[in-house]
Amino acid sequence: MQHPTRTLVSLDAGIDEQTVRASLPASADIQIVGIVRGVDETWTTLQETPADLLVVACSGYSERTLFLITSVFKERPGMPIVVLAQDSPDGFLRRVFEVGADDAVRLPESPEQVNFMLQKVLVRKGAAGTMKEHGSAPMICVLGPKGGTGKTVTTSNLAVALAQAGKSVSAVDLDLQFGDLALAMGVRPDTTMYDLVQSGGSLDAGKLEAYVMPHPSGVRVLVAPTRPDQASSVSPEFLREVYPLLRATSDYVVLDSSPGFEPEVISAIDNSSYVCMVGTLDTLSLKNTRLGLETLDLMGYDPDRIVLVLNRADSRVGIDDEDVLAVVGRRPDIRVPSDVEVTRAVNEGTPIVIAKPDSAGAKAFRALADEFLRREGAPVAAEAAEPKRGSTKQLHPAGSLNSDGNNNNKAPAEALDGPRKRLRLTSRRR
Ligand SMILES: Nc1ncnc2c1ncn2[C@@H]1O[C@H](COP(=O)(O)OP(=O)(O)OP(=O)(O)O)[C@@H](O)[C@H]1O
Ligand SMILES: [Mg+2]
């Protein structure tokens, strides 16, 4: 039978014991085995008394508290540590996560809420070993073979549209040197993935949560380093640790990327469930889109898991779906019109699905979100898929059949005359 969680409470100098006691849960699952004051006393008690959880209470910025957490994290890496902080001056809570705390609560707080938090940490910590395998939310890698095709605009709007559809969404900016996803979304880059790398120590969902920046839509954004020289600190290995944690705590993960197939982009593709390829409607860009698709083919990426977006698609340029099919080898799944509102929304740092929800651009991005919702088996509202004024064409979701019974999005074999040999750039697909 499982015993209650034996909890040791450590009080820092200056914290009022009654305030802490008033917030401690009276639940049968949490057994307080001691309330001690000071680092030394805590350390001695931990050696002598079996404990499963350490609660550290402090009244403000406290080097002693940071030292205690650092020591316990080092000596007892499996022990969950929760901080109760009466005041939390700027940067203190971030520091407690950096040195190894699993979560932090501001006092005063009700015993019920503190209990909920402790249980959450215990579940998370207990599941930490298996979480990586179980983080299975779909991950969409937004790609564009060259700069300026609309990857960031697509990522920001797709992420927000999925959030507007009620999904919990994380977005990651993989344009490590010149990432501007935060700018496009109007998110402050207070903490970036560079800060997360620099924090050292082990990575878990709780810590990651402290470094993602919230967007009003609910999207959590892991921001790219703010300076190009910081980019090399963020390795593909590190990002491979991040993905399963985000996939365990979100319904969708959307990745913005840099132009080209950088190592972190290849690794992201390898780990993704879908690629959203963004091209623009001119012959040069279409040629590059085709090259991008051929590269994915060489990587052994399942073509049914690629969604093709044609951005700045405008009927007036004289290129229709048949031309796209001839050059690229497949029809577009979604056409996003060239819309001055898109540019305006980017400049204002508000994705167009929020800034101008009725615009043609917003509808196209909602249709893109619906494409992924549909592929994941979620019911979608009819509205978003409606074409508007001929600027977005009727959608042909990949895998759907046209009146001839053919898959609309499959390329005729002769359309792809590029190299067919499969090159094992990657070891697995999802
Ligand atoms: N459909 C559109 N209509 C009007 N303007 C657009 C549209 N899509 C993108 N833009 C504009 O094009 C510019 C480039 O878009 P975006 O930053 O999304 O491209 P990118 O592929 O992420 O570029 P980079 O490779 O440099 O990261 C932006 O300033 C944006 O406002
Ligand atoms: Mg970009």
# chains A, B, ... in the order shown; residues from 1 in each chain; ligands from 1
call {"tool": "select_by_dssp", "arguments": {"residues": "region 8-231 of chain A", "states": "helix (DSSP H, G or I)", "output": "ChimeraX atom specification"}}
result
/A:17-23,39-48,63-75,92-99,111-134,151-164,181-185,193-198,205-211,228-231
call {"tool": "residues_around", "arguments": {"residues": "Ala362 (chain A)", "least_positions_apart": "4", "cutoff": "9 Å", "atoms": "only C-alpha atoms", "output": "PDB file with N, CA and C atoms, in the first residue's frame"}}
result
ATOM      1  N   ASN A 157      -0.069  32.325 -36.854  1.00  0.00           N
ATOM      2  CA  ASN A 157      -1.519  32.242 -37.062  1.00  0.00           C
ATOM      3  C   ASN A 157      -2.051  30.828 -36.875  1.00  0.00           C
ATOM      4  N   ALA A 161      -4.789  30.014 -34.159  1.00  0.00           N
ATOM      5  CA  ALA A 161      -6.061  29.452 -34.640  1.00  0.00           C
ATOM      6  C   ALA A 161      -6.359  28.122 -33.948  1.00  0.00           C
ATOM      7  N   VAL A 336      -3.232  30.961 -49.107  1.00  0.00           N
ATOM      8  CA  VAL A 336      -3.379  32.165 -48.274  1.00  0.00           C
ATOM      9  C   VAL A 336      -3.230  33.372 -49.187  1.00  0.00           C
ATOM     10  N   VAL A 342      -2.378  41.203 -43.441  1.00  0.00           N
ATOM     11  CA  VAL A 342      -1.389  40.280 -42.871  1.00  0.00           C
ATOM     12  C   VAL A 342      -0.151  41.076 -42.475  1.00  0.00           C
ATOM     13  N   PRO A 351      -1.343  38.456 -34.510  1.00  0.00           N
ATOM     14  CA  PRO A 351      -1.678  37.591 -35.649  1.00  0.00           C
ATOM     15  C   PRO A 351      -3.034  37.963 -36.257  1.00  0.00           C
ATOM     16  N   ILE A 352      -3.134  37.842 -37.555  1.00  0.00           N
ATOM     17  CA  ILE A 352      -4.339  38.324 -38.242  1.00  0.00           C
ATOM     18  C   ILE A 352      -5.601  37.573 -37.807  1.00  0.00           C
ATOM     19  N   VAL A 353      -5.453  36.326 -37.337  1.00  0.00           N
ATOM     20  CA  VAL A 353      -6.655  35.603 -36.888  1.00  0.00           C
ATOM     21  C   VAL A 353      -7.266  36.280 -35.659  1.00  0.00           C
ATOM     22  N   ILE A 354      -6.471  37.130 -34.988  1.00  0.00           N
ATOM     23  CA  ILE A 354      -7.018  37.920 -33.874  1.00  0.00           C
ATOM     24  C   ILE A 354      -7.351  39.339 -34.364  1.00  0.00           C
ATOM     25  N   ALA A 355      -6.395  39.923 -35.108  1.00  0.00           N
ATOM     26  CA  ALA A 355      -6.551  41.331 -35.494  1.00  0.00           C
ATOM     27  C   ALA A 355      -7.724  41.536 -36.447  1.00  0.00           C
ATOM     28  N   LYS A 356      -7.852  40.667 -37.441  1.00  0.00           N
ATOM     29  CA  LYS A 356      -8.929  40.803 -38.437  1.00  0.00           C
ATOM     30  C   LYS A 356      -9.517  39.421 -38.702  1.00  0.00           C
ATOM     31  N   PRO A 357     -10.293  38.923 -37.760  1.00  0.00           N
ATOM     32  CA  PRO A 357     -10.760  37.538 -37.879  1.00  0.00           C
ATOM     33  C   PRO A 357     -11.626  37.267 -39.107  1.00  0.00           C
ATOM     34  N   ASP A 358     -12.237  38.339 -39.676  1.00  0.00           N
ATOM     35  CA  ASP A 358     -13.100  38.110 -40.843  1.00  0.00           C
ATOM     36  C   ASP A 358     -12.375  38.271 -42.173  1.00  0.00           C
ATOM     37  N   ARG A 366      -7.318  29.846 -40.546  1.00  0.00           N
ATOM     38  CA  ARG A 366      -8.209  28.972 -39.770  1.00  0.00           C
ATOM     39  C   ARG A 366      -8.453  27.667 -40.535  1.00  0.00           C
ATOM     40  N   ALA A 367      -8.525  27.780 -41.866  1.00  0.00           N
ATOM     41  CA  ALA A 367      -8.688  26.565 -42.675  1.00  0.00           C
ATOM     42  C   ALA A 367      -7.470  25.655 -42.507  1.00  0.00           C
ATOM     43  N   ALA A 384     -14.649  27.930 -41.332  1.00  0.00           N
ATOM     44  CA  ALA A 384     -13.260  28.236 -41.658  1.00  0.00           C
ATOM     45  C   ALA A 384     -12.851  27.706 -43.012  1.00  0.00           C
TER      46      ALA A 384
END
call {"tool": "residues_around", "arguments": {"residues": "region 116-120 of chain A", "least_positions_apart": "5", "cutoff": "12 Å", "atoms": "only C-alpha atoms", "output": "VMD selection string"}}
result
chain A and resid 4 to 7 23 to 31 52 to 55 80 to 84 102 to 106 109 to 111 125 to 128 205 to 206
call {"tool": "atom_distance", "arguments": {"atom1": "CA of Glu48 (chain A)", "atom2": "CA of Leu93 (chain A)"}}
result
28.8 Å
call {"tool": "residues_near_ligand", "arguments": {"ligand": "ligand 2", "cutoff": "12 Å", "atoms": "only C-alpha atoms and all ligand atoms", "output": "PyMOL selection string"}}
result
chain A and resi 142-156+172-185+224+255-260+278+346
call {"tool": "write_last_selection", "arguments": {"atoms": "N, CA and C atoms", "output": "compact mmCIF listing (two decimals), in the first residue's frame"}}
result
# COMPACT_ATOMS: atom_id res chain seq x y z
N VAL A 142 6.84 23.89 -39.46
CA VAL A 142 6.54 24.80 -40.57
C VAL A 142 7.85 25.07 -41.31
N LEU A 143 7.86 24.73 -42.59
CA LEU A 143 9.09 24.84 -43.38
C LEU A 143 8.89 25.75 -44.57
N GLY A 144 9.95 26.35 -45.02
CA GLY A 144 9.91 27.10 -46.26
C GLY A 144 11.31 27.04 -46.81
N PRO A 145 11.47 26.65 -48.05
CA PRO A 145 12.82 26.40 -48.55
C PRO A 145 13.65 27.67 -48.65
N LYS A 146 13.01 28.81 -48.67
CA LYS A 146 13.83 30.05 -48.69
C LYS A 146 13.20 31.12 -47.80
N GLY A 147 13.98 32.17 -47.57
CA GLY A 147 13.54 33.21 -46.64
C GLY A 147 12.32 33.97 -47.14
N GLY A 148 11.52 34.44 -46.21
CA GLY A 148 10.44 35.36 -46.53
C GLY A 148 9.22 34.76 -47.18
N THR A 149 9.08 33.43 -47.14
CA THR A 149 7.90 32.84 -47.80
C THR A 149 6.65 32.97 -46.93
N GLY A 150 6.85 33.23 -45.63
CA GLY A 150 5.68 33.37 -44.74
C GLY A 150 5.64 32.30 -43.65
N LYS A 151 6.78 31.73 -43.32
CA LYS A 151 6.83 30.68 -42.27
C LYS A 151 6.37 31.23 -40.92
N THR A 152 6.90 32.40 -40.58
CA THR A 152 6.60 32.95 -39.25
C THR A 152 5.14 33.40 -39.18
N VAL A 153 4.67 34.02 -40.24
CA VAL A 153 3.26 34.42 -40.28
C VAL A 153 2.38 33.18 -40.16
N THR A 154 2.75 32.12 -40.86
CA THR A 154 1.96 30.88 -40.82
C THR A 154 2.01 30.26 -39.43
N THR A 155 3.22 30.18 -38.85
CA THR A 155 3.34 29.56 -37.53
C THR A 155 2.49 30.29 -36.50
N SER A 156 2.62 31.63 -36.49
CA SER A 156 1.91 32.39 -35.46
C SER A 156 0.40 32.24 -35.62
N VAL A 172 7.35 26.97 -30.93
CA VAL A 172 8.79 27.05 -30.71
C VAL A 172 9.42 27.75 -31.91
N ASP A 173 10.29 28.71 -31.65
CA ASP A 173 10.97 29.41 -32.74
C ASP A 173 12.33 28.76 -32.99
N LEU A 174 12.40 28.00 -34.08
CA LEU A 174 13.65 27.31 -34.41
C LEU A 174 14.54 28.14 -35.34
N ASP A 175 14.13 29.36 -35.61
CA ASP A 175 15.02 30.23 -36.37
C ASP A 175 15.99 30.82 -35.34
N LEU A 176 17.02 30.02 -35.02
CA LEU A 176 17.82 30.30 -33.82
C LEU A 176 18.59 31.61 -33.90
N GLN A 177 18.98 32.01 -35.10
CA GLN A 177 19.77 33.25 -35.20
C GLN A 177 18.92 34.51 -35.35
N PHE A 178 17.88 34.40 -36.17
CA PHE A 178 17.11 35.61 -36.48
C PHE A 178 15.61 35.40 -36.22
N GLY A 179 15.31 34.60 -35.21
CA GLY A 179 13.91 34.29 -34.94
C GLY A 179 13.11 35.54 -34.62
N ASP A 180 11.91 35.62 -35.21
CA ASP A 180 11.07 36.77 -34.93
C ASP A 180 9.63 36.35 -34.65
N LEU A 181 9.48 35.11 -34.19
CA LEU A 181 8.13 34.64 -33.86
C LEU A 181 7.54 35.47 -32.71
N ALA A 182 8.37 35.76 -31.71
CA ALA A 182 7.88 36.52 -30.56
C ALA A 182 7.40 37.90 -31.02
N LEU A 183 8.16 38.50 -31.93
CA LEU A 183 7.80 39.81 -32.45
C LEU A 183 6.47 39.74 -33.21
N ALA A 184 6.35 38.72 -34.06
CA ALA A 184 5.13 38.58 -34.87
C ALA A 184 3.91 38.34 -34.00
N MET A 185 4.12 37.76 -32.81
CA MET A 185 2.99 37.45 -31.93
C MET A 185 2.80 38.51 -30.85
N ALA A 224 13.09 32.16 -29.49
CA ALA A 224 14.46 31.95 -29.99
C ALA A 224 15.42 32.87 -29.24
N LEU A 255 6.21 24.42 -34.80
CA LEU A 255 7.59 24.90 -34.86
C LEU A 255 7.78 25.83 -36.05
N ASP A 256 8.28 27.03 -35.77
CA ASP A 256 8.71 27.91 -36.85
C ASP A 256 10.15 27.52 -37.18
N SER A 257 10.61 27.77 -38.38
CA SER A 257 11.98 27.35 -38.70
C SER A 257 12.69 28.42 -39.51
N SER A 258 13.99 28.19 -39.67
CA SER A 258 14.79 29.10 -40.47
C SER A 258 14.75 28.59 -41.91
N PRO A 259 15.09 29.46 -42.87
CA PRO A 259 15.13 28.95 -44.24
C PRO A 259 16.23 27.90 -44.36
N GLY A 260 16.02 26.89 -45.14
CA GLY A 260 17.07 25.90 -45.34
C GLY A 260 17.00 24.76 -44.34
N VAL A 278 5.58 25.92 -46.67
CA VAL A 278 5.02 27.21 -47.12
C VAL A 278 5.81 27.72 -48.31
N VAL A 346 1.33 41.75 -38.72
CA VAL A 346 2.70 41.41 -38.32
C VAL A 346 3.37 42.63 -37.69
call {"tool": "atom_distance", "arguments": {"atom1": "CA of Tyr243 (chain A)", "atom2": "CA of Ser267 (chain A)"}}
result
10.7 Å
call {"tool": "atom_distance", "arguments": {"atom1": "CA of Leu373 (chain A)", "atom2": "CA of Pro189 (chain A)"}}
result
28.8 Å
call {"tool": "residues_around", "arguments": {"residues": "Met139 (chain A)", "least_positions_apart": "6", "cutoff": "10 Å", "atoms": "only C-alpha atoms", "output": "PDB file with C-alpha atoms, in the first residue's frame"}}
result
ATOM      1  CA  VAL A 169      -0.717  24.905 -28.069  1.00  0.00           C
ATOM      2  CA  SER A 170       3.022  25.425 -27.730  1.00  0.00           C
ATOM      3  CA  ALA A 171       5.024  27.260 -30.372  1.00  0.00           C
ATOM      4  CA  TYR A 243       9.897  18.366 -27.753  1.00  0.00           C
ATOM      5  CA  PRO A 244       8.574  15.416 -25.742  1.00  0.00           C
ATOM      6  CA  LEU A 246       5.962  20.103 -24.853  1.00  0.00           C
ATOM      7  CA  ARG A 247       4.159  17.239 -26.535  1.00  0.00           C
ATOM      8  CA  SER A 250       0.086  20.480 -25.139  1.00  0.00           C
ATOM      9  CA  ASP A 251      -2.453  19.311 -27.713  1.00  0.00           C
ATOM     10  CA  TYR A 252      -0.347  20.688 -30.556  1.00  0.00           C
ATOM     11  CA  VAL A 253       3.238  21.850 -30.911  1.00  0.00           C
ATOM     12  CA  VAL A 254       4.006  24.188 -33.823  1.00  0.00           C
ATOM     13  CA  LEU A 255       7.586  24.897 -34.861  1.00  0.00           C
ATOM     14  CA  ALA A 268      12.755  18.832 -35.928  1.00  0.00           C
ATOM     15  CA  ILE A 269      11.459  17.341 -39.184  1.00  0.00           C
ATOM     16  CA  ASN A 271      10.700  14.312 -34.794  1.00  0.00           C
ATOM     17  CA  SER A 272       7.605  15.928 -36.273  1.00  0.00           C
ATOM     18  CA  SER A 273       4.201  14.460 -37.057  1.00  0.00           C
ATOM     19  CA  TYR A 274       3.552  16.858 -39.931  1.00  0.00           C
ATOM     20  CA  VAL A 275       5.453  19.243 -42.138  1.00  0.00           C
ATOM     21  CA  ARG A 430       6.252   9.779 -36.827  1.00  0.00           C
TER      22      ARG A 430
END
